[in-house]
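my_file_13.cif follows; it contains mmCIF, C-alpha atoms.
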```
data_protein
loop_
_atom_site.label_atom_id
_atom_site.label_comp_id
_atom_site.auth_asym_id
_atom_site.auth_seq_id
_atom_site.Cartn_x
_atom_site.Cartn_y
_atom_site.Cartn_z
CA MET A 1 -0.31 56.18 64.07
CA LYS A 2 1.72 54.10 61.66
CA LYS A 3 -0.40 52.13 59.21
CA ASP A 4 0.54 48.51 58.64
CA GLN A 5 -2.05 47.65 55.96
CA PHE A 6 -3.21 49.70 53.00
CA VAL A 7 -6.04 50.16 50.56
CA ILE A 8 -4.28 50.85 47.27
CA ALA A 9 -5.81 53.04 44.58
CA CYS A 10 -4.51 51.94 41.17
CA VAL A 11 -4.57 55.13 39.09
CA GLU A 12 -3.52 55.99 35.53
CA SER A 13 -4.49 59.66 35.22
CA PRO A 14 -6.19 62.49 37.11
CA GLU A 15 -9.51 61.58 35.49
CA ASN A 16 -9.02 57.96 36.45
CA ALA A 17 -8.12 58.95 40.02
CA ALA A 18 -11.39 60.89 40.31
CA VAL A 19 -13.22 57.57 39.92
CA VAL A 20 -10.99 55.41 42.10
CA LEU A 21 -9.98 57.61 45.04
CA PRO A 22 -13.42 58.27 46.61
CA TRP A 23 -14.05 54.52 46.85
CA ALA A 24 -10.52 53.76 48.08
CA ARG A 25 -10.73 56.50 50.70
CA HIS A 26 -14.18 55.43 51.86
CA LEU A 27 -13.12 51.81 52.37
CA ALA A 28 -9.78 52.69 53.95
CA GLU A 29 -11.61 54.75 56.57
CA ARG A 30 -14.29 52.17 57.23
CA LEU A 31 -12.13 49.03 57.26
CA ASN A 32 -10.81 49.79 60.72
CA HIS A 33 -8.90 52.87 59.51
CA LYS A 34 -6.46 51.29 57.10
CA GLY A 35 -3.81 53.32 55.31
CA LEU A 36 -4.48 54.79 51.88
CA MET A 37 -2.00 55.10 49.03
CA ALA A 38 -2.00 55.56 45.26
CA LEU A 39 -0.09 53.39 42.81
CA HIS A 40 0.81 54.56 39.31
CA VAL A 41 2.67 52.40 36.80
CA SER A 42 3.99 53.53 33.44
CA PRO A 43 6.40 51.97 30.93
CA ASP A 44 7.82 55.43 30.28
CA ARG A 45 9.58 57.32 33.07
CA GLN A 46 9.56 60.47 30.94
CA GLN A 47 5.81 60.68 31.32
CA SER A 48 4.91 63.42 33.80
CA ASP A 49 3.36 62.22 37.03
CA ASP A 50 3.25 65.59 38.81
CA TRP A 51 -0.51 65.20 39.13
CA LEU A 52 0.07 62.46 41.70
CA LYS A 53 1.29 65.06 44.19
CA GLU A 54 -2.06 66.82 43.92
CA LEU A 55 -3.93 63.76 45.19
CA GLY A 56 -2.97 64.60 48.76
CA ILE A 57 -2.11 61.03 49.77
CA PRO A 58 1.08 58.92 49.76
CA TYR A 59 1.82 57.54 46.31
CA VAL A 60 4.25 55.33 44.44
CA SER A 61 5.09 55.87 40.78
CA LEU A 62 6.82 52.95 39.09
CA GLN A 63 8.34 52.32 35.70
CA GLY A 64 7.37 48.91 34.44
CA ASP A 65 4.16 46.96 33.93
CA TRP A 66 0.98 46.69 35.96
CA HIS A 67 1.05 42.90 36.09
CA THR A 68 4.31 42.81 38.06
CA ALA A 69 3.29 45.67 40.35
CA ILE A 70 -0.06 44.08 41.13
CA GLU A 71 1.54 40.75 42.03
CA GLY A 72 3.59 42.62 44.63
CA LEU A 73 0.69 44.47 46.27
CA PRO A 74 0.54 42.40 49.49
CA THR A 75 4.29 42.00 49.96
CA ALA A 76 5.84 45.22 48.65
CA PHE A 77 3.04 47.58 49.71
CA ASN A 78 1.21 45.71 52.52
CA GLY A 79 -1.96 45.97 50.49
CA ILE A 80 -5.16 44.26 51.63
CA LEU A 81 -7.46 45.74 48.98
CA ALA A 82 -6.86 47.29 45.58
CA VAL A 83 -9.30 49.64 43.86
CA ALA A 84 -9.32 50.14 40.10
CA ALA A 85 -11.61 51.65 37.48
CA VAL A 86 -13.16 49.99 34.45
CA ASP A 87 -14.14 51.74 31.24
CA THR A 88 -15.59 49.76 28.35
CA ALA A 89 -14.69 52.62 26.00
CA ALA A 90 -11.03 52.71 27.03
CA PRO A 91 -8.29 51.68 24.58
CA ARG A 92 -6.93 48.15 24.97
CA THR A 93 -3.62 49.58 26.24
CA SER A 94 -5.33 51.08 29.28
CA LEU A 95 -5.63 49.23 32.58
CA THR A 96 -9.28 50.27 32.65
CA HIS A 97 -10.20 48.24 29.57
CA PRO A 98 -12.13 45.18 30.89
CA LYS A 99 -9.97 42.55 29.18
CA THR A 100 -6.74 44.33 30.07
CA LEU A 101 -7.82 44.75 33.68
CA LEU A 102 -8.63 41.05 34.03
CA ARG A 103 -5.32 40.09 32.46
CA GLU A 104 -3.24 42.36 34.69
CA PHE A 105 -5.08 41.34 37.88
CA LYS A 106 -5.28 37.61 37.18
CA ASN A 107 -2.46 36.82 39.63
CA CYS A 108 -3.51 39.39 42.24
CA LYS A 109 -3.21 37.96 45.75
CA ILE A 110 -5.56 40.44 47.41
CA ALA A 111 -9.17 41.41 46.82
CA TYR A 112 -9.71 44.11 44.22
CA LEU A 113 -12.69 46.40 43.84
CA VAL A 114 -13.52 47.45 40.30
CA VAL A 115 -15.62 50.58 39.83
CA SER A 116 -17.12 51.88 36.60
CA ARG A 117 -15.94 55.28 35.42
CA LEU A 118 -19.64 56.19 35.27
CA LEU A 119 -19.67 56.16 39.08
CA ALA A 120 -17.25 59.07 39.32
CA VAL A 121 -17.95 61.58 42.07
CA ASP A 122 -18.67 65.10 40.87
CA SER A 123 -19.72 67.26 43.80
CA SER A 124 -19.78 70.36 41.57
CA SER A 125 -22.65 68.97 39.53
CA PRO A 126 -25.65 68.38 41.82
CA ASN A 127 -27.92 67.41 38.92
CA SER A 128 -25.60 64.71 37.60
CA ASP A 129 -26.16 60.98 37.84
CA PHE A 130 -22.85 60.45 39.67
CA ARG A 131 -23.16 58.56 42.94
CA LEU A 132 -21.20 58.77 46.16
CA PRO A 133 -19.47 55.56 47.30
CA THR A 134 -21.94 53.25 48.98
CA CYS A 135 -21.84 49.61 49.99
CA GLN A 136 -25.09 49.52 51.94
CA ARG A 137 -26.36 46.42 50.16
CA CYS A 138 -23.74 43.84 49.25
CA ALA A 139 -24.55 40.52 47.65
CA LEU A 140 -22.77 37.27 46.87
CA THR A 141 -23.82 33.97 45.40
CA MET A 142 -23.59 30.63 47.14
CA THR A 143 -23.79 27.52 44.98
CA HIS A 144 -23.00 23.85 45.50
CA ARG A 145 -19.32 24.48 44.74
CA ARG A 146 -16.58 24.99 47.28
CA GLU A 147 -15.84 28.57 46.43
CA GLY A 148 -17.55 30.61 49.09
CA LYS A 149 -15.12 30.92 52.01
CA GLU A 150 -13.21 33.98 50.79
CA LYS A 151 -16.43 35.65 49.67
CA LEU A 152 -17.90 35.12 53.13
CA VAL A 153 -14.79 36.53 54.78
CA TRP A 154 -15.12 39.75 52.80
CA ALA A 155 -18.86 39.88 53.32
CA SER A 156 -18.18 39.72 57.07
CA TYR A 157 -15.74 42.64 56.79
CA LEU A 158 -18.30 44.73 54.93
CA ALA A 159 -20.99 43.85 57.47
CA ARG A 160 -18.80 44.54 60.52
CA PHE A 161 -16.88 47.60 59.40
CA VAL A 162 -18.95 49.20 56.62
CA ASP A 163 -22.42 48.41 58.03
CA SER A 164 -23.42 46.63 54.84
CA SER A 165 -26.42 44.36 54.69
CA VAL A 166 -25.58 40.95 53.23
CA THR A 167 -27.71 39.00 50.78
CA ILE A 168 -26.71 35.48 49.80
CA ALA A 169 -28.28 34.47 46.49
CA HIS A 170 -28.59 30.90 45.33
CA PRO A 171 -30.14 28.78 42.58
CA ASP A 172 -33.23 26.68 43.17
CA TYR A 173 -31.63 23.25 43.15
CA ARG A 174 -33.87 20.39 42.07
CA ASP A 175 -31.12 17.76 42.08
CA GLY A 176 -30.90 16.17 45.54
CA ASP A 177 -27.12 15.84 45.58
CA LEU A 178 -26.51 19.44 44.51
CA ARG A 179 -29.06 20.70 47.03
CA MET A 180 -27.33 18.74 49.80
CA ARG A 181 -23.97 20.29 48.88
CA TRP A 182 -25.52 23.75 48.87
CA ARG A 183 -27.07 23.13 52.30
CA ASN A 184 -23.66 22.10 53.62
CA ASN A 185 -22.26 25.39 52.35
CA MET A 186 -25.07 27.27 54.08
CA ARG A 187 -24.27 25.48 57.33
CA PHE A 188 -20.76 26.86 56.97
CA VAL A 189 -22.27 30.33 56.54
CA GLU A 190 -24.07 29.93 59.86
CA LYS A 191 -20.95 28.64 61.57
CA MET A 192 -18.99 31.64 60.33
CA PHE A 193 -21.54 34.44 60.71
CA SER A 194 -23.29 33.48 63.96
CA PRO A 195 -20.32 34.06 66.34
CA LEU A 196 -19.82 37.48 64.73
CA GLY A 197 -23.47 38.43 65.09
CA ILE A 198 -23.85 39.00 61.35
CA ASP A 199 -27.38 38.87 59.96
CA TYR A 200 -28.04 38.04 56.35
CA THR A 201 -30.91 37.36 54.01
CA THR A 202 -31.18 34.78 51.25
CA ALA A 203 -32.58 35.25 47.76
CA LEU A 204 -33.67 32.63 45.27
CA LEU A 205 -32.38 33.17 41.73
CA SER A 206 -34.46 32.40 38.68
CA ARG A 207 -31.69 30.49 36.95
CA SER A 208 -28.90 28.12 37.94
CA THR A 209 -26.30 29.25 35.39
CA ARG A 210 -24.32 32.49 35.36
CA VAL A 211 -25.56 33.07 38.88
CA ASP A 212 -23.48 36.22 39.48
CA LEU A 213 -25.08 37.84 36.44
CA ALA A 214 -28.47 36.70 37.69
CA ALA A 215 -27.74 38.35 41.06
CA LEU A 216 -27.01 41.66 39.32
CA ASP A 217 -30.14 41.41 37.20
CA GLU A 218 -32.49 40.43 40.02
CA LEU A 219 -31.08 41.91 43.25
CA HIS A 220 -29.58 45.21 42.03
CA PRO A 221 -27.02 45.35 44.89
CA ASP A 222 -24.70 48.26 45.63
CA LEU A 223 -21.76 45.87 45.45
CA LEU A 224 -21.31 42.26 44.34
CA ILE A 225 -18.62 39.99 45.76
CA ALA A 226 -17.52 37.53 43.09
CA ARG A 227 -14.87 34.88 42.64
CA THR A 228 -13.03 34.95 39.33
CA THR A 229 -12.79 31.88 37.14
CA ASP A 230 -10.34 29.14 38.02
CA THR A 231 -8.80 28.48 34.62
CA ARG A 232 -7.98 24.92 35.71
CA GLU A 233 -11.71 24.18 35.75
CA ARG A 234 -12.47 25.48 32.24
CA ASP A 235 -13.21 23.05 29.43
CA PHE A 236 -12.89 23.55 25.67
CA ILE A 237 -16.30 25.19 25.31
CA ASP A 238 -15.53 27.59 28.17
CA TRP A 239 -12.41 28.82 26.38
CA LEU A 240 -14.56 29.86 23.41
CA LEU A 241 -16.82 32.03 25.56
CA PRO A 242 -16.08 35.31 27.37
CA LEU A 243 -15.10 34.94 31.02
CA PRO A 244 -18.04 35.33 33.42
CA GLU A 245 -16.19 38.19 35.13
CA TYR A 246 -15.88 40.00 31.78
CA ARG A 247 -19.66 39.84 31.50
CA LEU A 248 -19.90 41.29 35.01
CA LEU A 249 -17.56 44.14 34.11
CA THR A 250 -19.62 45.03 31.05
CA HIS A 251 -23.00 44.63 32.74
CA PRO A 252 -25.22 47.68 32.10
CA SER A 253 -25.85 48.21 35.82
CA HIS A 254 -22.22 49.33 36.35
CA THR A 255 -22.34 47.73 39.80
CA PRO A 256 -19.03 47.87 41.74
CA LEU A 257 -17.47 44.41 41.84
CA LEU A 258 -15.26 43.01 44.57
CA PHE A 259 -13.23 40.28 42.88
CA LEU A 260 -11.37 37.46 44.59
CA ASN A 261 -9.02 35.27 42.60
CA PRO A 262 -9.05 31.50 43.28
CA ARG A 263 -5.70 31.25 45.05
CA ASP A 264 -4.40 29.19 47.95
CA ASP A 265 -2.30 32.15 49.15
CA LEU A 266 -4.96 34.87 49.09
CA TYR A 267 -4.16 37.66 51.57
CA ILE A 268 -6.95 38.90 53.83
CA LEU A 269 -7.34 41.43 56.61
CA CYS A 270 -5.73 40.63 59.96
CA ASP A 271 -8.59 42.19 62.00
#
```

Just give me the structure of the file as structure tokens.
Amino acid sequence: MKKDQFVIACVESPENAAVVLPWARHLAERLNHKGLMALHVSPDRQQSDDWLKELGIPYVSLQGDWHTAIEGLPTAFNGILAVAAVDTAAPRTSLTHPKTLLREFKNCKIAYLVVSRLLAVDSSSPNSDFRLPTCQRCALTMTHRREGKEKLVWASYLARFVDSSVTIAHPDYRDGDLRMRWRNNMRFVEKMFSPLGIDYTTALLSRSTRVDLAALDELHPDLLIARTTDTRERDFIDWLLPLPEYRLLTHPSHTPLLFLNPRDDLYILCD
């Protein structure tokens, strides 16, 4: 059967592919049997990419830069989800470096799952700490802001197709106006999830700032769905501090992160 939508594994090397491919394959199979392909980008065409043939899946090897290739994921490759690795020890020139990854994916029009290299699958080492891909417990935060629709859409996909449980974490609002806005957002959750028969639980966070980090610290989910920062909403002080998503990428839990950029033309699944 011809595939019309793809999960795209963004790979730099065989070692990098060992981290990315198990997660990309798992989600391609579970998300209503989407296609699976690998994407490799290098500025140097003389660099050998023979290892791509050994992956056993369709692949594209491009000369150029990751930023341009990633912008074309939904249109050139029919991508609905990208999967990439992050490595805090990687050189700045590598896509897997947290700051480089965020820069190259900042205009991405599809969701992208970022997985720590420490979650590589090594079936030959039964005593290792490596874990198989799992999304049994996914979490997202819901605040008073209007930023939750895309996160809820992807949470519904994970619940329907991957059998994930969904936890919606939120601050304990004391301000009446903020609490009313949050309640309105939760009414939207009900309106969206109820017709699909999706159950969810809520969790109260101990702090009202950096709520995604709080969710990692307090809920320990298998996967966190997070919206990246809208640079139009940052003030002078914000520009002096690391991006919240950078803090997520360098969090010691190494939790897989499903990022959604704040775009009006974000591509989603057609199912």

Using 8 Å as the limit and counting all atoms listed in the file, can you tabulate each residue of segment 103-170 of chain A that touches segment 238-258 of chain A, with its shortest atom-to-atom distance in Å and the two atoms involved, as JSON lines?
```
{"residue": "A:Ala111", "atom": "CA", "partner": "A:Leu258", "partner_atom": "CA", "distance": 6.7}
{"residue": "A:Tyr112", "atom": "CA", "partner": "A:Leu258", "partner_atom": "CA", "distance": 5.7}
{"residue": "A:Leu113", "atom": "CA", "partner": "A:Leu258", "partner_atom": "CA", "distance": 4.3}
{"residue": "A:Val114", "atom": "CA", "partner": "A:Leu257", "partner_atom": "CA", "distance": 5.2}
{"residue": "A:Val115", "atom": "CA", "partner": "A:Pro256", "partner_atom": "CA", "distance": 4.8}
{"residue": "A:Ser116", "atom": "CA", "partner": "A:His254", "partner_atom": "CA", "distance": 5.7}
{"residue": "A:Leu118", "atom": "CA", "partner": "A:His254", "partner_atom": "CA", "distance": 7.4}
{"residue": "A:Leu119", "atom": "CA", "partner": "A:His254", "partner_atom": "CA", "distance": 7.8}
```

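Among A:Arg227, A:Arg210, A:Lys3, A:His67, the residue with the shortest atom-to-atom distance to Ile80 of chain A, counting all atoms listed in the file, is A:Lys3.
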
Test item: the PyMOL selection byres ((chain A and resi 103) around 12) resolved as a list in words: Asp65, Trp66, His67, Thr68, Ile70, Glu71, Arg92, Thr93, Ser94, Leu95, Thr96, His97, Pro98, Lys99, Thr100, Leu101, Leu102, Glu104, Phe105, Lys106, Asn107, Cys108, Thr228, Leu243, Glu245, Tyr246 and Asn261 of chain A

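Computed from the coordinates, the atom CA of Ala18 of chain A to atom CA of Leu55 of chain A distance equals 9.4 Å.
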
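The spacing separating atom CA of Leu62 of chain A from atom CA of Pro91 of chain A amounts to 21.0 Å.
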
Residues near Val41 of chain A, cut-off 9 Å, only C-alpha atoms, skip fewer than 6 positions along chain, as a ChimeraX atom specification: /A:10-12,60-66,69

Result set of the PyMOL selection byres ((chain A and resi 137) around 10) on the coordinates above, as a ChimeraX atom specification: /A:134-136,138-139,158-159,163-167,219-224

Protein, DNA and RNA residues within 10 Å of (-15.7, 37.1, 51.4), all atoms listed in the file, as a PyMOL selection string: chain A and resi 111+140+147-158+225-227+258-260+268

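Among the candidates A:Ala215, A:Arg174, A:Asn16, A:His144, the residue lying nearest to Arg117 of chain A is A:Asn16 (atoms considered: all atoms listed in the file).
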
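In terms of minimum interatomic distance to Lys34 of chain A, A:Leu81 ranks closest within A:Ile168, A:Leu52, A:Leu81, A:Ala76, counting all atoms listed in the file.
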
Point-to-point distance from atom CA of Leu39 of chain A to atom CA of Val7 of chain A, Å rounded to tenths: 10.3 Å

Exercise: Gly197 of chain A partners within 12 Å, only C-alpha atoms, chain neighbours under 4 positions left out, as a list in words: Ser156, Ala159, Arg160, Val189, Glu190, Lys191, Met192 and Phe193 of chain A

Expected selection from the PyMOL selection byres ((chain A and resi 33) around 12), given as a list of chain:residue names: A:Met1, A:Lys2, A:Lys3, A:Asp4, A:Gln5, A:Phe6, A:Val7, A:Ala24, A:Arg25, A:His26, A:Leu27, A:Ala28, A:Glu29, A:Arg30, A:Leu31, A:Asn32, A:Lys34, A:Gly35, A:Leu36, A:Phe161, A:Val162, A:Leu269, A:Asp271

Restricting the output to C-alpha atoms, write the selected residues as an mmCIF file, keeping the file's coordinate frame.
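Heads up, here's the output in again.cif:
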```
data_model
loop_
_atom_site.group_PDB
_atom_site.id
_atom_site.type_symbol
_atom_site.label_atom_id
_atom_site.label_comp_id
_atom_site.auth_asym_id
_atom_site.auth_seq_id
_atom_site.Cartn_x
_atom_site.Cartn_y
_atom_site.Cartn_z
ATOM 1 C CA MET A 1 -0.310 56.180 64.070
ATOM 2 C CA LYS A 2 1.720 54.100 61.660
ATOM 3 C CA LYS A 3 -0.400 52.130 59.210
ATOM 4 C CA ASP A 4 0.540 48.510 58.640
ATOM 5 C CA GLN A 5 -2.050 47.650 55.960
ATOM 6 C CA PHE A 6 -3.210 49.700 53.000
ATOM 7 C CA VAL A 7 -6.040 50.160 50.560
ATOM 8 C CA ALA A 24 -10.520 53.760 48.080
ATOM 9 C CA ARG A 25 -10.730 56.500 50.700
ATOM 10 C CA HIS A 26 -14.180 55.430 51.860
ATOM 11 C CA LEU A 27 -13.120 51.810 52.370
ATOM 12 C CA ALA A 28 -9.780 52.690 53.950
ATOM 13 C CA GLU A 29 -11.610 54.750 56.570
ATOM 14 C CA ARG A 30 -14.290 52.170 57.230
ATOM 15 C CA LEU A 31 -12.130 49.030 57.260
ATOM 16 C CA ASN A 32 -10.810 49.790 60.720
ATOM 17 C CA LYS A 34 -6.460 51.290 57.100
ATOM 18 C CA GLY A 35 -3.810 53.320 55.310
ATOM 19 C CA LEU A 36 -4.480 54.790 51.880
ATOM 20 C CA PHE A 161 -16.880 47.600 59.400
ATOM 21 C CA VAL A 162 -18.950 49.200 56.620
ATOM 22 C CA LEU A 269 -7.340 41.430 56.610
ATOM 23 C CA ASP A 271 -8.590 42.190 62.000
#
```

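In terms of minimum interatomic distance to Glu54 of chain A, A:Ala17 ranks closest within A:Ala90, A:Leu196, A:Ala169, A:Ala17, counting all atoms listed in the file.
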